[in-house]
>>> print(open('run31.csv').read())   # CSV, C-alpha atoms and all ligand atoms
chain,number,residue,atom,x,y,z
A,30,MET,CA,125.6,138.5,128.8
A,31,MET,CA,124.4,140.6,125.8
A,32,MET,CA,120.6,140.4,125.5
A,33,LEU,CA,119.1,140.5,122.0
A,34,SER,CA,115.6,141.7,121.3
A,35,ARG,CA,113.3,139.4,119.4
A,36,ARG,CA,113.5,141.7,116.4
A,37,ALA,CA,117.3,141.5,116.5
A,38,LEU,CA,117.2,137.7,116.7
A,39,LEU,CA,114.9,137.5,113.7
A,40,ALA,CA,117.2,139.8,111.7
A,41,ALA,CA,120.3,137.6,112.5
A,42,PRO,CA,120.4,134.5,110.3
A,43,ALA,CA,123.3,132.9,112.2
A,44,LEU,CA,121.5,133.2,115.5
A,45,LEU,CA,118.3,131.9,113.9
A,46,ALA,CA,120.1,128.8,112.9
A,47,ILE,CA,121.1,128.2,116.5
A,48,ALA,CA,117.6,128.9,117.7
A,49,ALA,CA,116.3,126.2,115.2
A,50,ALA,CA,118.6,123.5,116.6
A,51,PRO,CA,116.8,120.4,117.8
A,52,ALA,CA,115.1,120.7,121.2
A,53,GLU,CA,117.4,119.9,124.1
A,54,GLY,CA,117.8,116.3,125.2
A,55,LEU,CA,116.6,114.6,128.4
A,56,GLN,CA,119.9,115.3,130.2
A,57,ALA,CA,119.2,119.0,129.8
A,58,HIS,CA,115.7,118.6,131.3
A,59,ALA,CA,117.2,116.6,134.2
A,60,ALA,CA,120.2,118.9,134.7
A,61,ALA,CA,117.9,121.9,135.1
A,62,HIS,CA,116.9,120.3,138.4
A,63,GLY,CA,120.4,119.1,139.4
A,64,ARG,CA,119.7,115.6,138.2
A,65,PHE,CA,121.0,113.2,135.5
A,66,PHE,CA,119.3,111.3,132.7
A,67,GLY,CA,120.9,108.3,131.0
A,68,SER,CA,120.4,104.9,129.5
A,69,ALA,CA,121.9,101.5,129.2
A,70,ILE,CA,124.1,100.8,126.2
A,71,GLY,CA,124.5,97.4,124.7
A,72,ASP,CA,127.2,95.9,122.5
A,73,ALA,CA,125.2,96.4,119.3
A,74,ALA,CA,125.1,100.2,119.9
A,75,LEU,CA,128.7,100.3,121.0
A,76,ASN,CA,130.2,98.4,118.1
A,77,GLY,CA,127.8,99.5,115.3
A,78,GLU,CA,124.9,101.9,115.0
A,79,PRO,CA,126.7,105.3,114.9
A,80,ARG,CA,123.4,107.2,114.6
A,81,LEU,CA,122.2,105.6,117.9
A,82,ARG,CA,125.5,106.5,119.5
A,83,GLN,CA,125.0,110.1,118.4
A,84,ARG,CA,121.4,110.1,119.8
A,85,ILE,CA,122.8,108.7,123.1
A,86,ARG,CA,125.2,111.7,123.3
A,87,ASP,CA,122.3,114.0,122.5
A,88,GLU,CA,120.0,112.7,125.2
A,89,CYS,CA,122.2,111.4,128.0
A,90,GLY,CA,124.5,112.6,130.7
A,91,ILE,CA,125.3,109.1,132.0
A,92,ILE,CA,125.4,105.6,130.6
A,93,VAL,CA,125.5,102.1,132.0
A,94,GLY,CA,126.8,98.9,130.3
A,95,GLU,CA,123.9,96.5,129.7
A,96,SER,CA,126.1,93.5,130.2
A,97,GLN,CA,129.8,94.5,129.9
A,98,PHE,CA,130.4,95.0,133.6
A,99,LYS,CA,128.9,91.7,134.8
A,100,TRP,CA,131.0,88.9,136.3
A,101,ALA,CA,130.6,86.6,133.3
A,102,ALA,CA,132.1,89.3,131.1
A,103,LEU,CA,134.8,90.5,133.4
A,104,GLN,CA,136.2,87.2,134.7
A,105,PRO,CA,135.4,84.5,132.2
A,106,GLN,CA,137.9,82.1,133.7
A,107,PRO,CA,139.5,81.8,137.2
A,108,GLY,CA,142.3,84.3,137.5
A,109,VAL,CA,141.6,85.7,134.0
A,110,PHE,CA,140.1,89.2,133.9
A,111,ASP,CA,138.9,90.7,130.6
A,112,PHE,CA,138.1,94.4,130.8
A,113,ALA,CA,138.0,94.9,127.0
A,114,GLY,CA,134.2,95.2,126.6
A,115,ALA,CA,133.8,97.4,129.7
A,116,GLU,CA,136.7,99.6,128.5
A,117,ARG,CA,134.9,100.1,125.2
A,118,VAL,CA,132.0,101.6,127.2
A,119,MET,CA,134.5,103.8,129.1
A,120,ALA,CA,136.1,105.0,125.9
A,121,TYR,CA,132.8,105.8,124.3
A,122,ALA,CA,131.7,107.7,127.4
A,123,ALA,CA,135.0,109.6,127.7
A,124,ALA,CA,134.8,110.7,124.0
A,125,ALA,CA,131.1,111.7,124.4
A,126,GLY,CA,131.6,113.4,127.8
A,127,LEU,CA,129.3,111.0,129.6
A,128,ALA,CA,129.5,109.7,133.2
A,129,VAL,CA,129.3,105.9,133.7
A,130,ARG,CA,127.6,103.6,136.2
A,131,GLY,CA,129.0,100.2,137.0
A,132,HIS,CA,126.5,97.4,136.8
A,133,THR,CA,126.8,95.1,138.7
A,134,LEU,CA,129.3,93.5,141.2
A,135,VAL,CA,127.1,90.8,142.9
A,136,TRP,CA,124.1,89.1,141.2
A,137,HIS,CA,122.6,85.6,140.9
A,138,GLU,CA,122.7,85.9,137.1
A,139,ALA,CA,125.4,86.5,134.4
A,140,ASN,CA,128.0,84.6,136.5
A,141,PRO,CA,130.6,82.5,134.8
A,142,PRO,CA,130.1,78.7,135.3
A,143,TRP,CA,133.5,78.3,136.9
A,144,LEU,CA,132.4,80.6,139.7
A,145,LEU,CA,129.3,78.8,140.6
A,146,ALA,CA,131.3,75.5,140.7
A,147,ALA,CA,134.0,77.1,142.9
A,148,LEU,CA,131.7,78.9,145.3
A,149,THR,CA,131.5,77.2,148.8
A,150,PRO,CA,131.2,78.4,152.4
A,151,ARG,CA,135.0,78.1,152.6
A,152,SER,CA,135.9,79.9,149.3
A,153,GLY,CA,133.0,82.4,149.2
A,154,GLU,CA,134.5,85.3,151.1
A,155,ARG,CA,137.8,85.2,149.2
A,156,LEU,CA,136.1,84.9,145.8
A,157,LEU,CA,133.7,87.8,146.5
A,158,THR,CA,136.1,90.2,148.1
A,159,GLY,CA,138.9,89.3,145.8
A,160,TYR,CA,136.7,89.9,142.7
A,161,ILE,CA,135.3,93.2,144.0
A,162,GLY,CA,138.8,94.4,145.0
A,163,THR,CA,140.1,93.7,141.6
A,164,VAL,CA,137.2,95.0,139.6
A,165,ALA,CA,136.2,98.1,141.7
A,166,GLY,CA,140.0,98.8,142.0
A,167,HIS,CA,140.5,98.6,138.2
A,168,PHE,CA,137.8,101.3,137.7
A,169,ARG,CA,138.7,103.3,140.8
A,170,GLY,CA,137.8,107.0,140.4
A,171,ARG,CA,136.2,106.5,137.0
A,172,LEU,CA,132.6,105.4,137.8
A,173,ALA,CA,129.9,107.5,139.2
A,174,HIS,CA,128.1,104.6,140.9
A,175,TRP,CA,128.3,100.9,141.4
A,176,ASP,CA,125.3,98.6,141.7
A,177,VAL,CA,127.1,96.7,144.4
A,178,VAL,CA,124.3,94.1,144.9
A,179,ASN,CA,121.7,93.5,142.3
A,180,GLU,CA,118.3,92.0,142.9
A,181,PRO,CA,118.9,90.5,146.4
A,182,LEU,CA,115.2,90.1,147.3
A,183,HIS,CA,112.7,87.3,146.8
A,184,PRO,CA,110.6,87.1,149.9
A,185,GLU,CA,108.9,83.9,148.7
A,186,ASP,CA,112.2,82.1,149.3
A,187,GLY,CA,111.7,82.4,153.0
A,188,PRO,CA,115.0,83.4,154.7
A,189,ALA,CA,115.4,86.5,156.9
A,190,PHE,CA,114.7,89.9,155.4
A,191,GLY,CA,113.1,88.4,152.3
A,192,LEU,CA,116.5,87.6,150.8
A,193,ARG,CA,116.7,85.6,147.6
A,194,ASP,CA,118.0,82.1,147.8
A,195,THR,CA,121.1,82.6,145.7
A,196,PRO,CA,124.5,80.8,145.6
A,197,TRP,CA,125.9,83.8,147.6
A,198,LEU,CA,123.3,83.5,150.3
A,199,ARG,CA,123.8,79.7,150.5
A,200,ALA,CA,127.6,80.1,150.8
A,201,LEU,CA,127.9,83.1,153.1
A,202,GLY,CA,124.5,83.9,154.6
A,203,PRO,CA,123.2,87.5,154.7
A,204,ARG,CA,126.7,88.8,155.4
A,205,TYR,CA,127.5,88.5,151.7
A,206,LEU,CA,125.9,91.9,151.4
A,207,ASP,CA,128.1,93.3,154.1
A,208,LEU,CA,131.3,91.9,152.5
A,209,ALA,CA,130.3,93.3,149.1
A,210,PHE,CA,129.6,96.8,150.2
A,211,HIS,CA,132.7,97.0,152.4
A,212,ALA,CA,134.9,95.6,149.6
A,213,CYS,CA,133.5,98.2,147.2
A,214,ALA,CA,134.0,101.1,149.7
A,215,ASP,CA,137.6,100.0,150.2
A,216,ALA,CA,138.4,99.6,146.5
A,217,ASP,CA,136.6,102.6,145.1
A,218,PRO,CA,135.4,104.9,147.9
A,219,GLY,CA,134.2,107.6,145.5
A,220,ALA,CA,131.6,105.6,143.6
A,221,LEU,CA,128.1,105.8,145.0
A,222,ARG,CA,127.2,102.4,146.4
A,223,VAL,CA,123.8,101.2,145.3
A,224,ILE,CA,121.5,98.3,146.0
A,225,ASN,CA,119.5,97.8,142.8
A,226,GLU,CA,116.1,96.0,142.8
A,227,PHE,CA,113.0,95.4,140.7
A,228,ALA,CA,109.2,94.8,141.1
A,229,LEU,CA,108.7,97.5,143.8
A,230,ASP,CA,106.3,99.6,141.8
A,231,TYR,CA,102.7,98.4,142.2
A,232,ALA,CA,100.1,98.2,144.9
A,233,ILE,CA,99.8,94.4,144.7
A,234,ASP,CA,100.5,92.1,147.6
A,235,TRP,CA,103.7,90.4,146.4
A,236,GLN,CA,105.3,93.8,145.5
A,237,ALA,CA,104.1,95.3,148.9
A,238,ARG,CA,106.0,92.4,150.5
A,239,ARG,CA,109.1,93.3,148.5
A,240,ARG,CA,108.9,97.0,149.5
A,241,ALA,CA,108.6,96.0,153.2
A,242,ALA,CA,111.5,93.5,152.8
A,243,LEU,CA,113.7,96.1,151.2
A,244,LEU,CA,113.0,98.7,153.9
A,245,GLU,CA,113.7,96.0,156.6
A,246,LEU,CA,116.9,94.9,154.9
A,247,LEU,CA,118.2,98.5,154.5
A,248,ALA,CA,117.5,99.3,158.1
A,249,ALA,CA,119.4,96.2,159.2
A,250,LEU,CA,122.3,96.9,156.9
A,251,LEU,CA,122.6,100.5,158.1
A,252,ALA,CA,122.3,99.4,161.8
A,253,ARG,CA,125.3,97.2,161.4
A,254,GLY,CA,127.4,99.8,159.6
A,255,VAL,CA,127.2,98.5,156.1
A,256,PRO,CA,128.1,101.4,153.7
A,257,VAL,CA,125.1,101.3,151.4
A,258,GLN,CA,124.3,104.7,150.1
A,259,ALA,CA,121.5,104.5,147.6
A,260,VAL,CA,118.6,102.4,146.3
A,261,GLY,CA,118.2,101.8,142.6
A,262,LEU,CA,114.5,101.4,141.6
A,263,GLN,CA,114.8,99.6,138.3
A,264,GLY,CA,111.4,100.7,137.1
A,265,HIS,CA,110.6,97.9,134.7
A,266,LEU,CA,106.9,99.0,134.3
A,267,ASP,CA,103.9,97.4,132.7
A,268,ALA,CA,101.5,99.6,130.9
A,269,SER,CA,98.6,97.1,131.5
A,270,GLN,CA,99.1,97.1,135.3
A,271,ARG,CA,96.2,99.0,136.9
A,272,ALA,CA,97.5,99.0,140.4
A,273,LEU,CA,99.8,102.1,140.1
A,274,ASP,CA,99.1,103.9,143.4
A,275,GLN,CA,101.0,107.2,143.5
A,276,THR,CA,100.5,107.5,147.3
A,277,VAL,CA,102.0,104.1,148.0
A,278,LEU,CA,104.9,104.7,145.7
A,279,SER,CA,105.6,108.2,147.0
A,280,ARG,CA,105.5,107.0,150.6
A,281,PHE,CA,108.0,104.2,149.7
A,282,VAL,CA,110.5,106.6,148.2
A,283,ALA,CA,110.0,108.9,151.3
A,284,ASP,CA,110.7,105.9,153.5
A,285,ILE,CA,114.0,105.1,151.7
A,286,ALA,CA,115.0,108.8,151.9
A,287,GLY,CA,114.0,108.7,155.6
A,288,LEU,CA,116.8,106.2,156.1
A,289,GLY,CA,119.3,108.8,154.8
A,290,LEU,CA,119.7,107.0,151.5
A,291,LYS,CA,119.6,108.4,147.9
A,292,VAL,CA,117.3,107.0,145.2
A,293,LEU,CA,118.0,106.4,141.5
A,294,VAL,CA,115.7,105.2,138.8
A,295,THR,CA,118.1,102.8,137.1
A,296,GLU,CA,116.4,100.7,134.4
A,297,LEU,CA,113.1,102.4,133.4
A,298,ASP,CA,111.1,100.9,130.5
A,299,VAL,CA,107.4,100.1,130.0
A,300,ARG,CA,106.1,96.7,128.7
A,301,ASP,CA,103.2,96.9,126.2
A,302,ASP,CA,102.7,93.2,125.6
A,303,GLY,CA,99.2,93.4,127.2
A,304,LEU,CA,98.1,96.2,124.8
A,305,PRO,CA,96.6,96.1,121.3
A,306,ALA,CA,98.8,96.4,118.3
A,307,ASP,CA,98.0,100.0,117.3
A,308,PHE,CA,101.2,102.2,117.7
A,309,ALA,CA,99.5,105.4,118.7
A,310,LEU,CA,97.4,103.7,121.3
A,311,ARG,CA,100.3,101.8,122.8
A,312,ASP,CA,102.6,104.9,122.8
A,313,ALA,CA,99.9,106.9,124.6
A,314,ALA,CA,99.4,104.3,127.2
A,315,VAL,CA,103.1,103.7,127.8
A,316,ALA,CA,103.7,107.4,128.2
A,317,ALA,CA,100.8,108.0,130.5
A,318,HIS,CA,101.8,105.1,132.7
A,319,ALA,CA,105.5,106.2,133.0
A,320,ARG,CA,104.4,109.7,133.7
A,321,ALA,CA,102.2,108.7,136.5
A,322,TRP,CA,105.0,106.6,138.0
A,323,LEU,CA,107.6,109.3,137.6
A,324,GLU,CA,105.4,112.0,139.0
A,325,ALA,CA,105.1,109.9,142.2
A,326,VAL,CA,108.9,109.3,142.4
A,327,LEU,CA,110.6,112.4,141.2
A,328,PRO,CA,109.2,115.0,143.6
A,329,HIS,CA,111.5,113.6,146.3
A,330,PRO,CA,114.7,115.5,146.6
A,331,ALA,CA,116.6,112.2,147.4
A,332,VAL,CA,116.1,111.1,143.8
A,333,LEU,CA,119.4,111.7,141.9
A,334,GLY,CA,118.3,110.9,138.3
A,335,VAL,CA,116.8,108.5,135.8
A,336,LEU,CA,118.2,106.0,133.4
A,337,THR,CA,116.2,103.9,130.9
A,338,TRP,CA,117.2,100.3,130.0
A,339,GLY,CA,118.2,101.2,126.4
A,340,LEU,CA,117.3,104.4,124.6
A,341,SER,CA,115.7,103.2,121.4
A,342,ASP,CA,113.0,100.6,120.7
A,343,ARG,CA,115.4,99.1,118.1
A,344,ARG,CA,116.5,96.7,120.9
A,345,SER,CA,114.9,95.8,124.2
A,346,TRP,CA,115.3,92.8,126.5
A,347,LEU,CA,111.5,92.8,126.7
A,348,ASN,CA,111.1,91.4,123.2
A,349,GLU,CA,113.1,88.3,124.3
A,350,ARG,CA,111.6,88.0,127.8
A,351,PHE,CA,108.0,89.0,127.2
A,352,PRO,CA,107.4,88.7,123.4
A,353,ARG,CA,104.0,90.1,122.2
A,354,ALA,CA,101.6,87.5,121.0
A,355,ASP,CA,101.2,89.3,117.7
A,356,GLY,CA,104.9,89.2,117.1
A,357,LEU,CA,105.3,93.0,116.9
A,358,PRO,CA,108.2,94.6,118.7
A,359,GLN,CA,107.4,96.4,121.9
A,360,ARG,CA,107.7,100.2,122.2
A,361,PRO,CA,109.1,100.6,125.7
A,362,LEU,CA,111.7,103.3,125.3
A,363,PRO,CA,112.0,107.1,124.6
A,364,LEU,CA,113.1,106.8,121.0
A,365,ASP,CA,111.3,104.7,118.3
A,366,PRO,CA,113.3,102.3,116.0
A,367,ALA,CA,113.9,105.2,113.6
A,368,LEU,CA,115.4,107.1,116.5
A,369,ASN,CA,112.6,109.6,116.7
A,370,ARG,CA,111.3,110.8,120.0
A,371,THR,CA,108.1,109.0,121.2
A,372,PRO,CA,105.4,110.1,123.6
A,373,LEU,CA,107.4,108.4,126.3
A,374,TRP,CA,110.2,110.8,125.6
A,375,ALA,CA,107.8,113.7,126.2
A,376,ALA,CA,106.5,112.1,129.4
A,377,ILE,CA,110.0,111.7,130.8
A,378,ALA,CA,110.9,115.3,129.8
A,379,GLY,CA,107.7,116.6,131.4
A,380,ALA,CA,108.2,114.7,134.6
A,381,LEU,CA,111.8,115.8,134.8
A,382,ASP,CA,110.8,119.4,134.3
A,383,GLY,CA,108.5,119.2,137.3
A,384,GLY,CA,111.1,117.6,139.5
A,385,ARG,CA,113.1,119.1,142.4
A,386,GLY,CA,116.6,117.8,142.5
A,387,GLY,CA,118.5,117.6,145.8
B,401,LIG,O1,119.1,93.5,129.3
B,401,LIG,C1,120.1,92.6,129.8
B,401,LIG,C2,120.2,91.4,128.9
B,401,LIG,O2,120.6,91.8,127.6
B,401,LIG,C3,121.1,90.3,129.5
B,401,LIG,O3,121.1,89.2,128.7
B,401,LIG,C4,120.6,90.0,130.9
B,401,LIG,C5,121.6,89.0,131.6
B,401,LIG,O4,122.9,89.6,131.7
B,401,LIG,O5,120.5,91.2,131.7
B,401,LIG,C6,119.6,92.1,131.2
B,401,LIG,O6,119.6,93.2,132.1
B,401,LIG,C7,119.0,93.0,133.3
B,401,LIG,C8,119.8,93.9,134.3
B,401,LIG,O7,121.2,93.5,134.3
B,401,LIG,C9,119.3,93.7,135.7
B,401,LIG,N1,117.8,94.0,135.8
B,401,LIG,C10,117.0,93.3,134.8
B,401,LIG,C11,117.6,93.6,133.4
B,401,LIG,C12,116.7,92.9,132.4
B,401,LIG,O8,116.7,91.5,132.5
>>> encode(input="run31.csv", output="structure tokens")
Amino acid sequence: MMMLSRRALLAAPALLAIAAAPAEGLQAHAAAHGRFFGSAIGDAALNGEPRLRQRIRDECGIIVGESQFKWAALQPQPGVFDFAGAERVMAYAAAAGLAVRGHTLVWHEANPPWLLAALTPRSGERLLTGYIGTVAGHFRGRLAHWDVVNEPLHPEDGPAFGLRDTPWLRALGPRYLDLAFHACADADPGALRVINEFALDYAIDWQARRRAALLELLAALLARGVPVQAVGLQGHLDASQRALDQTVLSRFVADIAGLGLKVLVTELDVRDDGLPADFALRDAAVAAHARAWLEAVLPHPAVLGVLTWGLSDRRSWLNERFPRADGLPQRPLPLDPALNRTPLWAAIAGALDGGRGG
């Protein structure tokens, strides 16, 4: 490659224009360490908001549909599959050169009412494996990952391994996880098979129980040959939470990696509903919190990449689920509502720069 001196660069207007192009996106920061960065894309961004779609291209290497790949979207009626919404995600990704994650095959939410009515111990296996065969088969070879099972834990419910008391557990027992992972491996062997979970982040008792339950569940699944390959740490953080213990978090990621599994950060965002209104103060606290969390997680070579749950503060599920008392929108994501980079963007870029990809 021809090298240009600084003087030659300054003398060359065309090259100067290239040098003045906007700083590289988060995907470039991640890719420098063999990792990916991405975000969830909702229907509003897909069907309108061309500027946001452009910013997603600028920042991301991978996207995930916020709702378009859930059971309620894909099989609204028995025997009726509707891939239109998911295929819009695929078409946008193909045009933008982005990879896609599938989210999610088995969950206790976003299910069509007919499914819950039809699900019994007799019908369960056929419904589950039939659905996964059709859906994972439809996208075979086109998705980087599948969140095969989403949010299976809730130790407070009591059963073995801290499993959540869901319609799937009631119908099939813990083997619903086995069936789901095997069906996905059969239908789309190339997609990384992920178990995706939340509330694993802080040094507080109920989250410590969830971390222990997940490790116990993973060990049991692997011992009986279930083809799980990775853990998705959702990373829904709370800037007001004081109990962020980097040692605890780092050991947890090391324990997952020690089982031979990969780790992904799948849904990073930071609640600020416990903070005062002031934008600068909130942005600084959100950024510092995420940076501390990422700096505990990212040094592990098992970590493949990071996705945020949305890219811009224009829309976040947090405003519906945890509205601020003052009515102001939250600022949980790397771009503000005007699509400018926030301090959280810089925190993610900085943490990715320090990372060591596997
Ligand atoms: O952000 C998503 C929201 O728009 C949907 O209404 C909801 C139900 O489908 O799911 C939200 O996304 C969730 C994700 O699928 C799993 N982890 C928690 C996310 C926030 O609730």
>>> closest_residue(input="run31.csv", among="A:His174, A:His132, A:Arg151, A:His329", to="Leu201 of chain A", atoms="only C-alpha atoms")
A:Arg151
>>> closest_residue(input="run31.csv", among="A:Thr337, A:Thr195, A:Gln270, A:Thr158", to="ligand LIG 401 (chain B)", atoms="all atoms listed in the file")
A:Thr337
>>> closest_residue(input="run31.csv", among="A:Glu185, A:Glu78, A:Asp207, A:Asp215", to="Ala242 of chain A", atoms="all atoms listed in the file")
A:Glu185
>>> atom_distance(input="run31.csv", atom1="atom CA of Gly191 of chain A", atom2="atom C1 of ligand LIG 401 (chain B)")
23.9 Å
>>> residues_near_ligand(input="run31.csv", ligand="ligand LIG 401 (chain B)", cutoff="8 Å", atoms="all atoms listed in the file", output="list in words")
Gly71, Glu95, Ser96, Lys99, His132, Thr133, Glu138, Ala139, Asn179, Glu180, Glu226, Phe227, Gln263, His265, Glu296, Trp338, Ser345, Trp346, Leu347 and Arg350 of chain A
>>> closest_residue(input="run31.csv", among="A:Val255, A:Ala200, A:Val292, A:Leu134", to="Thr149 of chain A", atoms="all atoms listed in the file")
A:Ala200
>>> residues_around(input="run31.csv", residues="segment 121-125 of chain A", least_positions_apart="2", cutoff="9 Å", atoms="all atoms listed in the file", output="number ranges by chain")
A: 75, 82-83, 85-86, 91-92, 116-119, 127-129
>>> closest_residue(input="run31.csv", among="A:Arg343, A:Arg64, A:Arg280, A:Arg84", to="Arg240 of chain A", atoms="all atoms listed in the file")
A:Arg280
>>> residues_around(input="run31.csv", residues="segment 166-172 of chain A", least_positions_apart="5", cutoff="10 Å", atoms="all atoms listed in the file", output="ChimeraX atom specification")
/A:93,112,115-116,119,123,128-131,160-161,212-213,215-221
>>> closest_residue(input="run31.csv", among="A:Arg271, A:Arg344, A:Arg353, A:Arg239", to="Pro305 of chain A", atoms="only C-alpha atoms")
A:Arg353
>>> residues_around(input="run31.csv", residues="Arg320 of chain A", least_positions_apart="3", cutoff="7 Å", atoms="all atoms listed in the file", output="list of chain:residue names")
A:Ala316, A:Ala317, A:Leu323, A:Glu324, A:Ala376, A:Ile377, A:Ala380
>>> residues_around(input="run31.csv", residues="Pro150 of chain A", least_positions_apart="5", cutoff="12 Å", atoms="all atoms listed in the file", output="PyMOL selection string")
chain A and resi 145+155-157+196-202+204-205
>>> residues_near_point(input="run31.csv", point="(120.0, 107.9, 156.0)", cutoff="12 Å", atoms="only C-alpha atoms", output="list of chain:residue names")
A:Leu244, A:Leu247, A:Ala248, A:Leu250, A:Leu251, A:Ala252, A:Gly254, A:Val255, A:Pro256, A:Val257, A:Gln258, A:Ala259, A:Val260, A:Ala283, A:Asp284, A:Ile285, A:Ala286, A:Gly287, A:Leu288, A:Gly289, A:Leu290, A:Lys291, A:Val292, A:Ala331
>>> atom_distance(input="run31.csv", atom1="atom CA of Asn225 of chain A", atom2="atom CA of Val315 of chain A")
23.0 Å
>>> atom_distance(input="run31.csv", atom1="atom CA of Ala74 of chain A", atom2="atom CA of Gly94 of chain A")
10.6 Å
>>> residues_around(input="run31.csv", residues="Ala306 of chain A", least_positions_apart="2", cutoff="10 Å", atoms="only C-alpha atoms", output="NGL selection string")
:A and (301-304 or 308-311 or 353-359)
